Amino acid sequence: MEELEHTCPQPRLTLTAPAPFADETSCQCRAPHEKLTIAQARLGTPVDRPVRVYADGIFDLFHSGHARALMQAKTLFPNSYLLVGVCSDDLTHKFKGFTVMNENERYEALRHCRYVDEVIRDAPWTLTPEFLEKHKIDFVAHDDIPYSSAGSDDVYKHIKEAGMFVPTQRTEGISTSDIITRIVRDYDVYARRNLQRGYTAKELNVSFINEKKYRFQNQVDKMKEKVKNVEEKSKEFVYKVEEKSHDLIQKWEEKSREFIGNFLELFGPDGAWKQMFQERSGRMLQAFSPRQSPNSSPTRGRSPSRSPSPPWVFNKASPPSSPKAASASLSSMSEGDEDEK
């Protein structure tokens, strides 16, 4: 008996290209598609093909909450192939409401999510046995909160009863409705933002009066920003001046201490200048004072006997008693000198 083979696509191993659309690469199994239990799938069986997991949604304004849900669906089993169904604009507008992104934008957003292996365009709002068989779906992944829509209390009720439902966890604090609420709440801010970026009032569906109001508010905000920048620059300038002044004062104090120290070292009580002055004064006094001859040196041209006293030197023992006597002694001394000659 000839062995039948599976030709189901394998999970993407590389992320160099976006995920394909289902109508471009569909699963064509030649062998019967055995029904798996969740326990079997978690054990990694069957070994000859990946477990095909399906997740659907609107995926408007694709965000991290969507990506986390798809990550959980992708990692439910050891070997999974994740198919993601995206509902068309017609179905979404009919059952849920108007979307920000159109269907083609939503399709492309899903194709570029790393966890997605295949995207199914124009997915049905309620899953039918024919749809599940066509795409060989083993399990459906979605959060466990009952999803009431299209006249049903829970559109996944029959999937849960068939044992094909695998729950995922919602990410709190982020949803498409939350993002739209933020935009609506801050509508004026975003309208002014887009006017400033070059969008026209007609493109933004803004009236003439509101356009002028928004543009005036933009001008006021620009002036406030300029004033704020000037204040910040002024504070920065003052801070720099204070910092420079502090540095200059500190350097001046250091230099002044150095100058005073050098001055005291040179001109202080025990300074170098006083020592130098004393040394030079001593040298000058020594240069001007007469030198004394030694006692042992002989007198040239004279006898070793004591030289007579000069005639004008009086005898200390007998000073002249009167002026006449003094003149008589002087005349006798002069005559004695003439006789010697």
# chains A, B, ... in the order shown; residues from 1 in each chain; ligands from 1

call {"tool": "select_by_dssp", "arguments": {"residues": "stretch 26-218 of chain A", "states": "helix (DSSP H, G or I)", "output": "VMD selection string"}}
result
chain A and resid 38 to 42 64 to 74 89 to 95 103 to 111 129 to 134 157 to 161 176 to 185 187 to 196 201 to 204 208 to 218

call {"tool": "residues_around", "arguments": {"residues": "A:Leu110", "least_positions_apart": "3", "cutoff": "9 Å", "atoms": "only C-alpha atoms", "output": "ChimeraX atom specification"}}
result
/A:18-19,59,62,84,86,105-107,113-114,116,118-119

call {"tool": "atom_distance", "arguments": {"atom1": "atom CA of A:Pro167", "atom2": "atom CA of A:His63"}}
result
19.5 Å

call {"tool": "closest_residue", "arguments": {"among": "A:Phe95, A:Ala41, A:Leu61, A:Asp143", "to": "A:Ile180", "atoms": "only C-alpha atoms"}}
result
A:Leu61

call {"tool": "select_by_dssp", "arguments": {"residues": "stretch 11-186 of chain A", "states": "strand (DSSP E or B)", "output": "PyMOL selection string"}}
result
chain A and resi 21+51-57+80-86+118-121+139-143+149+152+165-168

call {"tool": "write_last_selection", "arguments": {"atoms": "C-alpha atoms", "output": "mmCIF file, in the first residue's frame"}}
result
data_model
loop_
_atom_site.group_PDB
_atom_site.id
_atom_site.type_symbol
_atom_site.label_atom_id
_atom_site.label_comp_id
_atom_site.auth_asym_id
_atom_site.auth_seq_id
_atom_site.Cartn_x
_atom_site.Cartn_y
_atom_site.Cartn_z
ATOM 1 C CA PHE A 21 -1.413 34.866 2.348
ATOM 2 C CA VAL A 51 0.097 21.604 14.851
ATOM 3 C CA ARG A 52 -2.017 24.128 12.944
ATOM 4 C CA VAL A 53 -3.288 26.854 15.296
ATOM 5 C CA TYR A 54 -5.779 29.482 14.172
ATOM 6 C CA ALA A 55 -6.305 32.956 15.691
ATOM 7 C CA ASP A 56 -8.634 35.585 14.262
ATOM 8 C CA GLY A 57 -9.535 39.196 14.918
ATOM 9 C CA SER A 80 3.091 25.080 15.792
ATOM 10 C CA TYR A 81 2.046 26.670 12.529
ATOM 11 C CA LEU A 82 0.074 29.867 13.230
ATOM 12 C CA LEU A 83 -2.646 30.964 10.833
ATOM 13 C CA VAL A 84 -4.207 34.369 11.479
ATOM 14 C CA GLY A 85 -7.602 35.295 10.066
ATOM 15 C CA VAL A 86 -8.389 38.970 9.501
ATOM 16 C CA GLU A 118 0.170 32.625 7.290
ATOM 17 C CA VAL A 119 -2.548 35.283 6.916
ATOM 18 C CA ILE A 120 -6.105 34.460 5.854
ATOM 19 C CA ARG A 121 -7.841 37.438 4.249
ATOM 20 C CA PHE A 139 -7.005 24.366 17.412
ATOM 21 C CA VAL A 140 -8.398 27.888 17.762
ATOM 22 C CA ALA A 141 -6.674 30.342 20.111
ATOM 23 C CA HIS A 142 -8.460 33.310 21.675
ATOM 24 C CA ASP A 143 -8.989 34.834 25.109
ATOM 25 C CA SER A 149 -21.744 39.012 18.485
ATOM 26 C CA SER A 152 -24.717 34.693 19.644
ATOM 27 C CA PHE A 165 -10.374 25.916 21.847
ATOM 28 C CA VAL A 166 -7.124 26.973 23.587
ATOM 29 C CA PRO A 167 -7.347 30.131 25.723
ATOM 30 C CA THR A 168 -4.827 32.978 25.701
#

call {"tool": "closest_residue", "arguments": {"among": "A:Glu243, A:Leu43, A:Thr99, A:Gly65", "to": "A:Pro78", "atoms": "only C-alpha atoms"}}
result
A:Leu43
